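The next block is structure-v7.txt, given as compact mmCIF, C-alpha atoms.
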```
# COMPACT_ATOMS: atom_id res chain seq x y z
CA MET A 1 -1.34 6.44 -9.62
CA ASN A 2 1.14 9.13 -10.52
CA PHE A 3 2.10 12.02 -8.23
CA PHE A 4 -0.58 14.35 -9.55
CA TRP A 5 -3.44 11.88 -9.09
CA THR A 6 -2.18 10.80 -5.68
CA THR A 7 -2.13 14.44 -4.57
CA LEU A 8 -5.70 14.91 -5.82
CA HIS A 9 -6.69 11.69 -4.08
CA HIS A 10 -5.41 13.00 -0.73
CA LEU A 11 -7.03 16.39 -1.37
CA ARG A 12 -10.40 14.80 -2.13
CA LYS A 13 -10.19 12.79 1.09
CA ASP A 14 -9.35 15.88 3.19
CA LEU A 15 -12.18 17.88 1.63
CA LYS A 16 -14.61 15.04 2.28
CA LEU A 17 -13.51 14.73 5.91
CA GLU A 18 -13.86 18.47 6.44
CA TRP A 19 -17.23 18.57 4.71
CA ARG A 20 -18.51 15.94 7.13
CA SER A 21 -16.96 17.27 10.33
CA ARG A 22 -16.53 21.01 9.58
CA ASP A 23 -14.08 21.14 12.49
CA ALA A 24 -11.39 23.29 10.92
CA VAL A 25 -13.58 25.73 9.00
CA ASN A 26 -15.93 26.40 11.92
CA ALA A 27 -13.05 27.04 14.32
CA MET A 28 -11.30 29.33 11.83
CA LEU A 29 -14.43 31.24 10.95
CA PHE A 30 -15.32 31.88 14.56
CA PHE A 31 -11.83 33.04 15.42
CA ALA A 32 -11.39 35.28 12.37
CA LEU A 33 -14.78 36.95 12.86
CA LEU A 34 -14.02 37.55 16.51
CA VAL A 35 -10.74 39.30 15.71
CA VAL A 36 -12.27 41.47 12.99
CA VAL A 37 -15.23 42.53 15.14
CA ILE A 38 -13.17 43.21 18.29
CA PHE A 39 -10.63 45.32 16.41
CA SER A 40 -13.38 47.31 14.74
CA PHE A 41 -14.80 48.15 18.20
CA ALA A 42 -11.38 48.98 19.58
CA PHE A 43 -10.29 51.40 16.86
CA ASP A 44 -13.45 52.99 15.54
CA PRO A 45 -11.34 54.19 12.60
CA THR A 46 -11.90 56.86 10.04
CA ALA A 47 -11.54 55.65 6.49
CA ALA A 48 -7.98 56.96 6.16
CA VAL A 49 -6.75 55.30 9.33
CA SER A 50 -8.53 52.07 8.55
CA ARG A 51 -6.65 51.76 5.26
CA GLN A 52 -3.38 52.06 7.19
CA ILE A 53 -4.19 49.36 9.72
CA ALA A 54 -6.56 47.07 7.82
CA GLY A 55 -3.76 45.09 6.14
CA GLY A 56 -2.27 44.19 9.51
CA ILE A 57 -5.60 43.31 11.09
CA LEU A 58 -6.66 41.17 8.15
CA TRP A 59 -3.50 39.09 8.30
CA VAL A 60 -3.57 38.84 12.11
CA ALA A 61 -7.07 37.38 11.86
CA LEU A 62 -6.07 34.99 9.08
CA VAL A 63 -2.78 33.88 10.63
CA PHE A 64 -4.27 32.98 14.00
CA ALA A 65 -7.31 31.38 12.40
CA ALA A 66 -5.11 29.34 10.05
CA VAL A 67 -3.09 27.97 12.97
CA THR A 68 -6.22 26.34 14.41
CA ALA A 69 -6.89 24.61 11.08
CA LEU A 70 -3.29 23.55 10.63
CA ASN A 71 -3.25 21.79 13.98
CA GLN A 72 -6.54 20.12 13.14
CA ALA A 73 -5.29 18.85 9.77
CA TRP A 74 -2.75 16.43 11.22
CA ALA A 75 -4.77 15.56 14.31
CA ARG A 76 -7.03 13.60 11.95
CA GLU A 77 -4.10 11.50 10.80
CA LEU A 78 -3.07 10.76 14.38
CA HIS A 79 -6.53 9.56 15.36
CA ASN A 80 -6.79 5.75 15.04
CA GLN A 81 -3.09 5.76 14.06
CA VAL A 82 -4.02 6.53 10.48
CA LEU A 83 -0.59 8.09 10.08
CA ASP A 84 0.97 4.61 10.39
CA ALA A 85 -1.13 3.47 7.44
CA GLN A 86 0.11 6.52 5.51
CA ARG A 87 3.69 5.69 6.42
CA MET A 88 3.21 2.11 5.20
CA SER A 89 1.82 3.30 1.89
CA PRO A 90 4.12 3.00 -1.14
CA SER A 91 2.74 6.24 -2.58
CA PRO A 92 4.99 9.34 -2.41
CA ALA A 93 4.96 11.16 0.93
CA ALA A 94 5.25 14.52 -0.83
CA ALA A 95 1.83 13.89 -2.41
CA LEU A 96 0.29 13.56 1.05
CA PHE A 97 1.94 16.84 2.05
CA LEU A 98 0.86 18.67 -1.08
CA GLY A 99 -2.71 17.34 -0.79
CA LYS A 100 -2.88 18.56 2.77
CA VAL A 101 -1.43 21.98 1.84
CA LEU A 102 -3.99 22.35 -0.95
CA ALA A 103 -6.83 21.40 1.39
CA ASN A 104 -5.68 23.92 4.03
CA PHE A 105 -5.27 26.53 1.31
CA LEU A 106 -8.87 26.03 0.22
CA PHE A 107 -10.14 26.20 3.81
CA VAL A 108 -8.32 29.48 4.52
CA THR A 109 -9.38 30.88 1.14
CA PHE A 110 -12.98 30.11 2.03
CA ILE A 111 -12.53 32.10 5.25
CA GLU A 112 -11.06 35.00 3.26
CA ILE A 113 -14.06 35.00 0.94
CA VAL A 114 -16.45 35.17 3.90
CA LEU A 115 -14.31 37.72 5.72
CA ALA A 116 -13.69 40.14 2.83
CA PRO A 117 -17.15 41.78 2.65
CA LEU A 118 -17.37 42.01 6.43
CA PHE A 119 -13.96 43.62 6.50
CA ILE A 120 -14.95 46.25 3.98
CA ILE A 121 -18.11 47.07 5.94
CA PHE A 122 -16.59 47.12 9.43
CA TYR A 123 -13.56 49.18 8.41
CA ASN A 124 -15.30 51.35 5.84
CA LEU A 125 -12.67 50.50 3.24
CA HIS A 126 -12.22 52.00 -0.22
CA VAL A 127 -9.19 50.68 -2.04
CA LEU A 128 -7.07 53.53 -3.43
CA GLY A 129 -4.40 51.40 -5.14
CA ASN A 130 -4.73 48.62 -7.70
CA GLY A 131 -7.43 46.55 -5.99
CA TRP A 132 -6.98 43.61 -8.36
CA LEU A 133 -3.52 43.06 -6.90
CA LEU A 134 -5.21 41.80 -3.76
CA LEU A 135 -6.20 38.79 -5.86
CA LEU A 136 -2.48 38.09 -6.08
CA VAL A 137 -1.42 39.01 -2.56
CA LEU A 138 -4.13 37.07 -0.73
CA PRO A 139 -3.45 33.69 -2.41
CA LEU A 140 0.32 34.15 -2.23
CA GLY A 141 0.15 35.10 1.46
CA THR A 142 -2.26 32.28 2.25
CA TRP A 143 -0.03 29.77 0.47
CA ALA A 144 2.99 30.99 2.47
CA LEU A 145 1.06 30.45 5.69
CA VAL A 146 -0.34 27.02 4.91
CA VAL A 147 2.74 25.54 3.27
CA ASN A 148 4.91 26.37 6.27
CA GLY A 149 2.15 25.67 8.75
CA THR A 150 1.39 22.24 7.30
CA PHE A 151 5.07 21.34 7.29
CA PHE A 152 5.78 22.47 10.85
CA ALA A 153 2.55 20.99 12.17
CA ALA A 154 3.75 17.64 10.77
CA LEU A 155 7.16 18.20 12.32
CA GLY A 156 5.59 18.68 15.74
CA LEU A 157 3.22 15.74 15.43
CA ARG A 158 5.03 13.51 17.87
CA THR A 159 5.52 16.19 20.53
CA ARG A 160 3.25 16.47 23.52
CA ASN A 161 2.62 20.25 23.28
CA ARG A 162 2.23 20.34 19.51
CA GLU A 163 -0.57 22.92 19.56
CA LEU A 164 1.66 25.33 21.44
CA LEU A 165 4.74 24.43 19.46
CA LEU A 166 3.28 25.23 16.05
CA PRO A 167 2.86 29.02 16.51
CA LEU A 168 6.20 29.19 18.32
CA VAL A 169 8.00 27.73 15.31
CA LEU A 170 5.74 29.02 12.56
CA PHE A 171 5.62 32.73 13.38
CA PRO A 172 9.37 33.45 13.49
CA ILE A 173 10.02 31.53 10.29
CA SER A 174 7.07 33.21 8.57
CA LEU A 175 8.20 36.73 9.50
CA PRO A 176 9.51 37.66 6.02
CA ALA A 177 6.25 36.43 4.49
CA LEU A 178 4.13 38.20 7.12
CA LEU A 179 6.02 41.42 6.52
CA ALA A 180 5.52 41.12 2.77
CA MET A 181 1.80 40.27 3.13
CA VAL A 182 1.05 43.22 5.41
CA GLN A 183 3.17 45.73 3.47
CA ALA A 184 1.76 44.66 0.11
CA THR A 185 -1.84 44.77 1.39
CA THR A 186 -1.35 48.18 3.01
CA ALA A 187 0.31 49.53 -0.14
CA ILE A 188 -2.64 48.39 -2.23
CA LEU A 189 -5.25 49.77 0.19
CA THR A 190 -3.59 53.17 0.58
CA GLY A 191 -2.21 53.49 -2.93
CA GLU A 192 0.81 55.29 -1.47
CA ALA A 193 3.49 52.81 -2.48
CA ASP A 194 4.23 50.20 -5.12
CA PRO A 195 3.50 46.69 -3.73
CA GLY A 196 5.49 45.04 -6.56
CA LEU A 197 8.61 44.30 -4.53
CA TRP A 198 6.62 42.81 -1.64
CA ILE A 199 4.64 40.62 -4.03
CA GLN A 200 7.86 39.37 -5.62
CA MET A 201 9.26 38.64 -2.19
CA LEU A 202 6.11 36.70 -1.28
CA ALA A 203 6.28 34.68 -4.50
CA GLY A 204 9.94 33.89 -3.88
CA TYR A 205 9.19 32.85 -0.33
CA ASP A 206 6.40 30.55 -1.54
CA ILE A 207 8.60 28.87 -4.13
CA ILE A 208 11.45 28.28 -1.68
CA PHE A 209 9.34 26.91 1.17
CA THR A 210 7.14 24.78 -1.09
CA THR A 211 10.23 23.18 -2.59
CA VAL A 212 11.83 22.62 0.81
CA GLY A 213 8.60 21.18 2.21
CA LEU A 214 8.17 18.76 -0.69
CA LEU A 215 11.77 17.61 -0.50
CA LEU A 216 11.89 17.15 3.27
CA PHE A 217 8.43 15.81 4.03
CA GLU A 218 9.39 12.17 3.54
CA VAL A 219 12.00 12.56 6.31
CA VAL A 220 9.48 14.27 8.57
CA LEU A 221 6.81 11.62 7.97
CA HIS A 222 9.12 8.74 8.78
CA ALA A 223 10.92 10.39 11.70
CA GLU A 224 10.58 8.46 14.96
CA MET B 225 15.22 -18.77 16.55
CA SER B 226 15.65 -20.78 13.38
CA ILE B 227 13.27 -22.87 11.34
CA GLU B 228 15.31 -25.59 9.62
CA ASN B 229 16.06 -26.31 5.96
CA GLU B 230 14.79 -23.16 4.37
CA ASN B 231 16.78 -20.38 2.82
CA LEU B 232 13.83 -18.35 1.71
CA HIS B 233 13.00 -16.01 4.57
CA ALA B 234 10.09 -13.65 4.59
CA ALA B 235 11.71 -11.75 7.43
CA GLU B 236 14.87 -11.85 9.40
CA LEU B 237 16.16 -10.11 12.53
CA ARG B 238 19.82 -10.15 13.52
CA ALA B 239 20.59 -9.15 17.13
CA ALA B 240 17.88 -6.52 16.85
CA SER B 241 17.12 -4.35 19.85
CA ARG B 242 14.75 -1.47 20.17
CA LEU B 243 15.48 0.98 22.96
CA TYR B 244 13.40 3.87 24.28
CA GLY B 245 15.90 5.72 26.45
CA SER B 246 17.09 3.12 28.94
CA PHE B 247 14.03 0.90 28.38
CA ALA B 248 14.45 -2.01 25.98
CA ALA B 249 11.20 -2.89 24.20
CA LEU B 250 13.06 -5.57 22.26
CA ARG B 251 16.40 -7.03 23.34
CA GLN B 252 18.96 -8.76 21.08
CA VAL B 253 16.42 -10.70 19.05
CA THR B 254 17.67 -12.96 16.28
CA ALA B 255 14.91 -14.65 14.33
CA GLU B 256 14.05 -15.96 10.89
CA PHE B 257 10.53 -16.22 9.55
CA ARG B 258 10.15 -18.63 6.65
CA ALA B 259 8.03 -17.67 3.68
CA GLY B 260 4.73 -19.49 3.33
CA LEU B 261 4.14 -20.13 7.03
CA CYS B 262 1.91 -18.61 9.67
CA TYR B 263 3.67 -17.59 12.87
CA VAL B 264 1.63 -17.00 15.99
CA ILE B 265 3.46 -14.90 18.56
CA THR B 266 2.27 -15.12 22.14
CA GLY B 267 3.43 -13.51 25.35
CA GLU B 268 2.33 -11.28 28.18
CA ASN B 269 1.71 -7.57 27.82
CA GLY B 270 5.03 -5.78 27.38
CA ALA B 271 6.80 -8.89 26.09
CA GLY B 272 7.77 -7.04 22.89
CA LYS B 273 5.26 -8.55 20.44
CA SER B 274 3.99 -5.27 19.02
CA THR B 275 7.49 -3.80 18.86
CA LEU B 276 8.62 -6.83 16.85
CA LEU B 277 5.76 -6.36 14.39
CA ARG B 278 6.40 -2.62 14.08
CA LEU B 279 10.05 -3.33 13.33
CA LEU B 280 9.07 -5.80 10.63
CA ALA B 281 6.57 -3.30 9.23
CA GLY B 282 9.30 -0.66 9.02
CA LEU B 283 7.39 1.73 11.24
CA ILE B 284 10.33 1.83 13.64
CA ARG B 285 14.00 1.05 13.10
CA PRO B 286 16.12 -1.11 15.35
CA SER B 287 18.38 0.79 17.75
CA VAL B 288 20.92 -1.99 17.36
CA GLY B 289 21.07 -4.90 14.90
CA THR B 290 19.41 -5.37 11.54
CA VAL B 291 15.98 -6.24 10.19
CA SER B 292 15.35 -7.46 6.67
CA VAL B 293 12.00 -8.21 5.09
CA LEU B 294 11.52 -10.03 1.78
CA GLY B 295 15.19 -9.56 1.03
CA GLY B 296 15.43 -5.84 1.70
CA GLU B 297 14.95 -3.09 4.24
CA PRO B 298 11.36 -3.05 5.53
CA GLN B 299 11.01 0.59 4.43
CA GLU B 300 11.84 -0.41 0.86
CA GLN B 301 9.33 -3.27 0.86
CA ARG B 302 6.32 -1.28 2.03
CA ALA B 303 4.26 -2.24 -1.01
CA LEU B 304 4.60 -5.94 -0.12
CA ILE B 305 3.81 -5.65 3.60
CA GLY B 306 0.36 -5.44 5.15
CA TYR B 307 0.21 -4.24 8.74
CA MET B 308 -2.83 -4.20 10.97
CA GLY B 309 -2.15 -2.57 14.33
CA HIS B 310 -4.08 -2.19 17.58
CA ALA B 311 -5.93 0.86 16.27
CA SER B 312 -8.19 0.61 13.25
CA MET B 313 -6.10 2.97 11.02
CA LEU B 314 -9.38 4.14 9.48
CA TYR B 315 -10.94 7.56 9.04
CA ASP B 316 -13.94 7.70 11.36
CA GLU B 317 -15.92 10.08 9.15
CA LEU B 318 -15.74 7.82 6.09
CA SER B 319 -17.70 4.64 5.45
CA ALA B 320 -15.96 1.28 5.18
CA ARG B 321 -16.14 1.38 1.41
CA GLU B 322 -14.82 4.95 1.24
CA ASN B 323 -11.92 4.01 3.50
CA LEU B 324 -11.08 1.00 1.35
CA SER B 325 -11.40 2.97 -1.84
CA TYR B 326 -8.98 5.57 -0.45
CA TYR B 327 -6.41 3.05 0.73
CA GLY B 328 -6.89 0.80 -2.29
CA LYS B 329 -5.73 3.56 -4.61
CA LEU B 330 -2.78 4.45 -2.38
CA TYR B 331 -1.58 0.88 -2.05
CA GLN B 332 -2.22 -0.36 -5.55
CA PRO B 333 0.79 -1.13 -7.72
CA PRO B 334 1.10 1.22 -10.72
CA GLY B 335 -1.25 0.27 -13.52
CA SER B 336 -3.50 -2.02 -11.48
CA CYS B 337 -7.10 -1.34 -10.62
CA THR B 338 -8.82 -1.83 -7.27
CA GLU B 339 -12.13 -0.34 -8.22
CA CYS B 340 -15.67 -1.44 -7.34
CA ALA B 341 -15.56 -5.20 -7.81
CA ARG B 342 -12.45 -5.78 -5.71
CA LEU B 343 -13.60 -3.45 -2.91
CA ASP B 344 -16.97 -5.12 -2.65
CA GLU B 345 -15.43 -8.57 -2.85
CA THR B 346 -12.98 -7.77 -0.02
CA LEU B 347 -15.71 -6.29 2.16
CA ARG B 348 -17.88 -9.36 1.65
CA ALA B 349 -14.92 -11.60 2.41
CA VAL B 350 -14.60 -10.04 5.88
CA GLY B 351 -18.33 -10.34 6.43
CA LEU B 352 -19.40 -6.75 5.81
CA ASP B 353 -22.06 -5.38 3.54
CA PRO B 354 -20.52 -3.12 0.85
CA ALA B 355 -23.76 -1.15 0.71
CA LEU B 356 -23.32 0.01 4.30
CA THR B 357 -23.00 3.79 4.08
CA LYS B 358 -22.75 4.80 7.72
CA PRO B 359 -19.39 6.20 8.85
CA VAL B 360 -16.89 3.90 10.53
CA GLU B 361 -17.23 5.81 13.84
CA GLN B 362 -20.66 4.24 14.21
CA TYR B 363 -19.32 0.69 13.82
CA SER B 364 -18.70 -1.70 16.68
CA GLN B 365 -15.08 -2.52 17.55
CA GLY B 366 -15.47 -5.90 15.86
CA MET B 367 -16.72 -4.34 12.64
CA LYS B 368 -13.85 -1.85 12.66
CA GLN B 369 -11.47 -4.76 13.09
CA ARG B 370 -12.91 -6.44 10.00
CA VAL B 371 -12.65 -3.27 7.91
CA SER B 372 -9.10 -2.93 9.11
CA LEU B 373 -8.34 -6.47 7.91
CA ALA B 374 -10.02 -5.70 4.60
CA ARG B 375 -7.75 -2.65 4.30
CA VAL B 376 -4.57 -4.72 4.59
CA LEU B 377 -5.83 -7.53 2.35
CA LEU B 378 -6.70 -5.05 -0.37
CA GLY B 379 -2.99 -4.23 -0.77
CA ASP B 380 -2.37 -7.89 -1.72
CA PRO B 381 0.60 -8.19 0.67
CA HIS B 382 3.24 -10.92 0.57
CA LEU B 383 3.85 -10.51 4.30
CA LEU B 384 0.87 -9.93 6.57
CA LEU B 385 1.55 -8.57 10.05
CA LEU B 386 -1.43 -8.66 12.40
CA ASP B 387 -1.27 -7.25 15.91
CA GLU B 388 -3.99 -8.80 18.08
CA PRO B 389 -6.41 -9.41 15.19
CA PHE B 390 -8.88 -11.34 17.36
CA ALA B 391 -9.18 -8.71 20.07
CA ASN B 392 -12.77 -7.38 20.21
CA LEU B 393 -14.07 -10.20 18.02
CA ASP B 394 -16.64 -12.76 19.11
CA ALA B 395 -15.99 -16.48 18.53
CA ALA B 396 -17.89 -16.62 15.23
CA SER B 397 -16.13 -13.55 13.82
CA SER B 398 -12.74 -14.90 14.91
CA ALA B 399 -13.45 -18.20 13.16
CA GLN B 400 -14.49 -16.30 10.04
CA MET B 401 -11.29 -14.24 10.16
CA ILE B 402 -9.16 -17.36 10.55
CA ALA B 403 -10.88 -19.03 7.60
CA LEU B 404 -10.18 -15.93 5.53
CA LEU B 405 -6.52 -15.90 6.59
CA GLN B 406 -6.22 -19.57 5.64
CA GLN B 407 -7.55 -18.69 2.22
CA PHE B 408 -5.22 -15.71 2.01
CA LYS B 409 -2.20 -18.02 2.38
CA THR B 410 -3.27 -19.87 -0.76
CA TRP B 411 -3.82 -16.79 -2.93
CA PRO B 412 -1.36 -17.13 -5.84
CA LEU B 413 1.72 -14.95 -6.13
CA PRO B 414 4.03 -14.54 -9.14
CA GLN B 415 7.26 -16.53 -9.46
CA GLY B 416 6.33 -19.09 -6.84
CA ALA B 417 6.56 -16.62 -3.96
CA LYS B 418 4.63 -17.58 -0.83
CA ARG B 419 2.53 -15.53 1.50
CA THR B 420 3.54 -15.30 5.13
CA ILE B 421 1.48 -14.34 8.16
CA ILE B 422 2.92 -13.20 11.46
CA LEU B 423 0.32 -12.45 14.11
CA THR B 424 0.33 -11.73 17.80
CA THR B 425 -2.42 -12.87 20.11
CA HIS B 426 -3.33 -13.57 23.70
CA GLN B 427 -5.67 -16.31 22.48
CA PRO B 428 -3.41 -18.83 20.67
CA GLU B 429 -6.12 -21.49 20.83
CA LEU B 430 -8.16 -19.44 18.35
CA ALA B 431 -5.37 -19.64 15.78
CA LYS B 432 -4.66 -23.36 16.12
CA ASN B 433 -6.05 -24.13 12.64
CA LEU B 434 -3.91 -21.41 11.12
CA ALA B 435 -0.62 -21.60 13.01
CA ASP B 436 2.43 -23.35 11.60
CA VAL B 437 4.81 -22.12 14.26
CA TYR B 438 4.23 -20.73 17.74
CA VAL B 439 6.69 -18.15 19.00
CA ARG B 440 6.73 -17.40 22.71
CA MET B 441 8.05 -14.01 23.85
CA GLN B 442 8.96 -12.86 27.32
CA ALA B 443 10.73 -9.79 28.69
CA ALA B 444 11.55 -8.36 25.23
CA ARG B 445 13.14 -11.60 23.99
CA ILE B 446 12.03 -14.67 22.10
CA LEU B 447 11.80 -17.45 24.69
CA ASN B 448 11.15 -20.40 22.38
CA THR B 449 9.59 -21.50 19.11
CA GLU B 450 7.51 -24.57 18.56
CA LYS B 451 6.02 -26.15 15.45
CA ALA B 452 2.26 -26.42 15.59
CA GLY B 453 0.48 -29.73 15.72
```

Give the structure from the file, written as structure tokens.
Amino acid sequence: MNFFWTTLHHLRKDLKLEWRSRDAVNAMLFFALLVVVIFSFAFDPTAAVSRQIAGGILWVALVFAAVTALNQAWARELHNQVLDAQRMSPSPAAALFLGKVLANFLFVTFIEIVLAPLFIIFYNLHVLGNGWLLLLVLPLGTWALVVNGTFFAALGLRTRNRELLLPLVLFPISLPALLAMVQATTAILTGEADPGLWIQMLAGYDIIFTTVGLLLFEVVLHAE
Amino acid sequence: MSIENENLHAAELRAASRLYGSFAALRQVTAEFRAGLCYVITGENGAGKSTLLRLLAGLIRPSVGTVSVLGGEPQEQRALIGYMGHASMLYDELSARENLSYYGKLYQPPGSCTECARLDETLRAVGLDPALTKPVEQYSQGMKQRVSLARVLLGDPHLLLLDEPFANLDAASSAQMIALLQQFKTWPLPQGAKRTIILTTHQPELAKNLADVYVRMQAARILNTEKAG
């Protein structure tokens, strides 16, 4: 199998495993809903204020929810020492990484799709900027989260406190992406600024970290 | 350890040690494993059997010394090595067939095909029904062990490394596994290459029909080797 088919093969396996267990999606959904509901009670915002803060709240909910899924993704490979079988496989390690990133991307995207209407209702949102740009910002931001998260979750696989370690490493390194996600989303919701620069920054960040992840994953997988 | 009159080695260790901090899991081991033979490694818990197999599988590297498998670094020969560890290395949520289908595609050489017929044939060979759709998590330990063996056989390895393959198996299943491994040794390979089996066990009497050489390990070293029969 070539790289493309191997990646799809891993993706199909991860989707099948999640479909049968629903571990990651259930945990993410519960967490994200909790954050959205609690913040809506805490702020009781007017429409104008909600547009200012909604971008931040949306990404807080998604970032913390994604971390639970990212930890879960590699835990499956540790169970029954499946990771050893992956390490013994002659297929490219980067395909395993990319398959896992794509699977996590789809899981988080599913959460976004469920969360979006609830978000609009709870925060009484009316987009004043170019709403369609959210269709660019959300996938780019989600990709930034999952590509780094999947990589660093793999890096921490052999540590004892890996669930604690992941956010500690992931959040500082994702700061430029988080800043761009929140600023771009807020700019679109309020219509007060041009989100173009933030979107470009997010795209650049995605390209750099995807490339680095693909190049270095073999080393991470075979590290002792 | 040296087995006489044979230059063709399936695996070779030269003064190989594996250290974890100050603890030596394997200490200054020099050994040669001839192609075409079945080696049965025995020894108490902690003797270094599993570490030796993991070194040969390329899952760990020696802290000191060198390891070569089939004429190269173990990590470069992954496609030719089959490794079955203590754990099943299977996804619990998938059925036996789904697991094999997944691994079959990952392990297959470019251009080959491991679809339906081969999967079913391998599952039958280890005594499992290919039509069984329940997930592996519902299998007994013995059944998981058989699927695990099917997984490594599917990759058509030249060197088969089995860590405690008879653990959790009843006498009949062990006999069936041994018969299968005997067959495996005769499966043809291109250019006259021979298949080699290295297995560890606490029950060497089970492997007496399979073993060509017994290797005794103690305290992270190879104590002695003895030809079977």

Contacts of region 101-114 of chain A within 8 Å, all atoms listed in the file, excl. fewer than 6 positions in-chain, as number ranges by chain: A: 11, 14-15, 24-25, 28-29, 32, 62, 66, 69-70, 73, 139, 142-143, 146-147, 150

Next, write the just-selected residues to a file, as a PDB file, in the coordinates of the input, keeping C-alpha atoms as the atom set.
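New file out-v8.pdb:
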```
ATOM      1  CA  LEU A  11      -7.030  16.390  -1.370  1.00  0.00           C
ATOM      2  CA  ASP A  14      -9.350  15.880   3.190  1.00  0.00           C
ATOM      3  CA  LEU A  15     -12.180  17.880   1.630  1.00  0.00           C
ATOM      4  CA  ALA A  24     -11.390  23.290  10.920  1.00  0.00           C
ATOM      5  CA  VAL A  25     -13.580  25.730   9.000  1.00  0.00           C
ATOM      6  CA  MET A  28     -11.300  29.330  11.830  1.00  0.00           C
ATOM      7  CA  LEU A  29     -14.430  31.240  10.950  1.00  0.00           C
ATOM      8  CA  ALA A  32     -11.390  35.280  12.370  1.00  0.00           C
ATOM      9  CA  LEU A  62      -6.070  34.990   9.080  1.00  0.00           C
ATOM     10  CA  ALA A  66      -5.110  29.340  10.050  1.00  0.00           C
ATOM     11  CA  ALA A  69      -6.890  24.610  11.080  1.00  0.00           C
ATOM     12  CA  LEU A  70      -3.290  23.550  10.630  1.00  0.00           C
ATOM     13  CA  ALA A  73      -5.290  18.850   9.770  1.00  0.00           C
ATOM     14  CA  PRO A 139      -3.450  33.690  -2.410  1.00  0.00           C
ATOM     15  CA  THR A 142      -2.260  32.280   2.250  1.00  0.00           C
ATOM     16  CA  TRP A 143      -0.030  29.770   0.470  1.00  0.00           C
ATOM     17  CA  VAL A 146      -0.340  27.020   4.910  1.00  0.00           C
ATOM     18  CA  VAL A 147       2.740  25.540   3.270  1.00  0.00           C
ATOM     19  CA  THR A 150       1.390  22.240   7.300  1.00  0.00           C
TER      20      THR A 150
END
```

Between CA of Leu283 (chain B) and CA of Pro298 (chain B), distance in Å (one decimal):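 Atom-to-atom, CA of Leu283 (chain B) and CA of Pro298 (chain B) are spaced 8.4 Å apart.
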
Neighbours of chain A in chain B at 7 Å, counting all atoms listed in the file, as a PyMOL selection string: chain B and resi 284+302-303+311-314+317+330-331+334

Selection near region 54-58 of chain A, 12 Å with only C-alpha atoms, sequence-local residues under 5 positions removed, as a PyMOL selection string: chain A and resi 32-40+42-49+63-65+111-112+115-127+134+137-138+141-142+178-190

Contact residues around Asn323 (chain B) with only C-alpha atoms at 9 Å, ignoring same-chain residues under 6 positions, as a list in words: Leu314, Tyr315, Asp316, Val360, Val371 and Arg375 of chain B

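The space separating CA of Thr410 (chain B) from CA of Asn392 (chain B) comes to 26.2 Å.
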
Neighbour list for region 278-280 of chain B as a count of residues only, cut-off 7 Å, only C-alpha atoms, skip fewer than 6 positions in-chain: 4

Two-atom distance - CA of Gly204 (chain A), CA of Gly99 (chain A) (Å):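 These two atoms are separated by 21.1 Å.
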
Of the listed residues B:His310, B:Gln301, B:Arg321, B:Leu378, that which approaches Asp353 (chain B) most closely, counting only C-alpha atoms: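 Among the listed residues, the smallest separation from Asp353 (chain B) belongs to B:Arg321.
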
Quick one: residues within 12 Å of Thr266 (chain B), only C-alpha atoms counted, chain neighbours fewer than 5 positions away excluded, as a PDB file with C-alpha atoms, in the coordinates of the input?
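Dumped to out-v8.pdb:
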```
ATOM      1  CA  ALA B 271       6.800  -8.890  26.090  1.00  0.00           C
ATOM      2  CA  GLY B 272       7.770  -7.040  22.890  1.00  0.00           C
ATOM      3  CA  LYS B 273       5.260  -8.550  20.440  1.00  0.00           C
ATOM      4  CA  SER B 274       3.990  -5.270  19.020  1.00  0.00           C
ATOM      5  CA  LEU B 276       8.620  -6.830  16.850  1.00  0.00           C
ATOM      6  CA  ASP B 387      -1.270  -7.250  15.910  1.00  0.00           C
ATOM      7  CA  GLU B 388      -3.990  -8.800  18.080  1.00  0.00           C
ATOM      8  CA  ILE B 422       2.920 -13.200  11.460  1.00  0.00           C
ATOM      9  CA  LEU B 423       0.320 -12.450  14.110  1.00  0.00           C
ATOM     10  CA  THR B 424       0.330 -11.730  17.800  1.00  0.00           C
ATOM     11  CA  THR B 425      -2.420 -12.870  20.110  1.00  0.00           C
ATOM     12  CA  HIS B 426      -3.330 -13.570  23.700  1.00  0.00           C
ATOM     13  CA  GLN B 427      -5.670 -16.310  22.480  1.00  0.00           C
ATOM     14  CA  PRO B 428      -3.410 -18.830  20.670  1.00  0.00           C
ATOM     15  CA  GLU B 429      -6.120 -21.490  20.830  1.00  0.00           C
ATOM     16  CA  LEU B 430      -8.160 -19.440  18.350  1.00  0.00           C
ATOM     17  CA  ALA B 431      -5.370 -19.640  15.780  1.00  0.00           C
ATOM     18  CA  ALA B 435      -0.620 -21.600  13.010  1.00  0.00           C
ATOM     19  CA  VAL B 437       4.810 -22.120  14.260  1.00  0.00           C
ATOM     20  CA  TYR B 438       4.230 -20.730  17.740  1.00  0.00           C
ATOM     21  CA  VAL B 439       6.690 -18.150  19.000  1.00  0.00           C
ATOM     22  CA  ARG B 440       6.730 -17.400  22.710  1.00  0.00           C
ATOM     23  CA  MET B 441       8.050 -14.010  23.850  1.00  0.00           C
ATOM     24  CA  GLN B 442       8.960 -12.860  27.320  1.00  0.00           C
ATOM     25  CA  ALA B 443      10.730  -9.790  28.690  1.00  0.00           C
ATOM     26  CA  ALA B 444      11.550  -8.360  25.230  1.00  0.00           C
ATOM     27  CA  ARG B 445      13.140 -11.600  23.990  1.00  0.00           C
ATOM     28  CA  ILE B 446      12.030 -14.670  22.100  1.00  0.00           C
ATOM     29  CA  LEU B 447      11.800 -17.450  24.690  1.00  0.00           C
ATOM     30  CA  ASN B 448      11.150 -20.400  22.380  1.00  0.00           C
ATOM     31  CA  THR B 449       9.590 -21.500  19.110  1.00  0.00           C
ATOM     32  CA  GLU B 450       7.510 -24.570  18.560  1.00  0.00           C
TER      33      GLU B 450
END
```
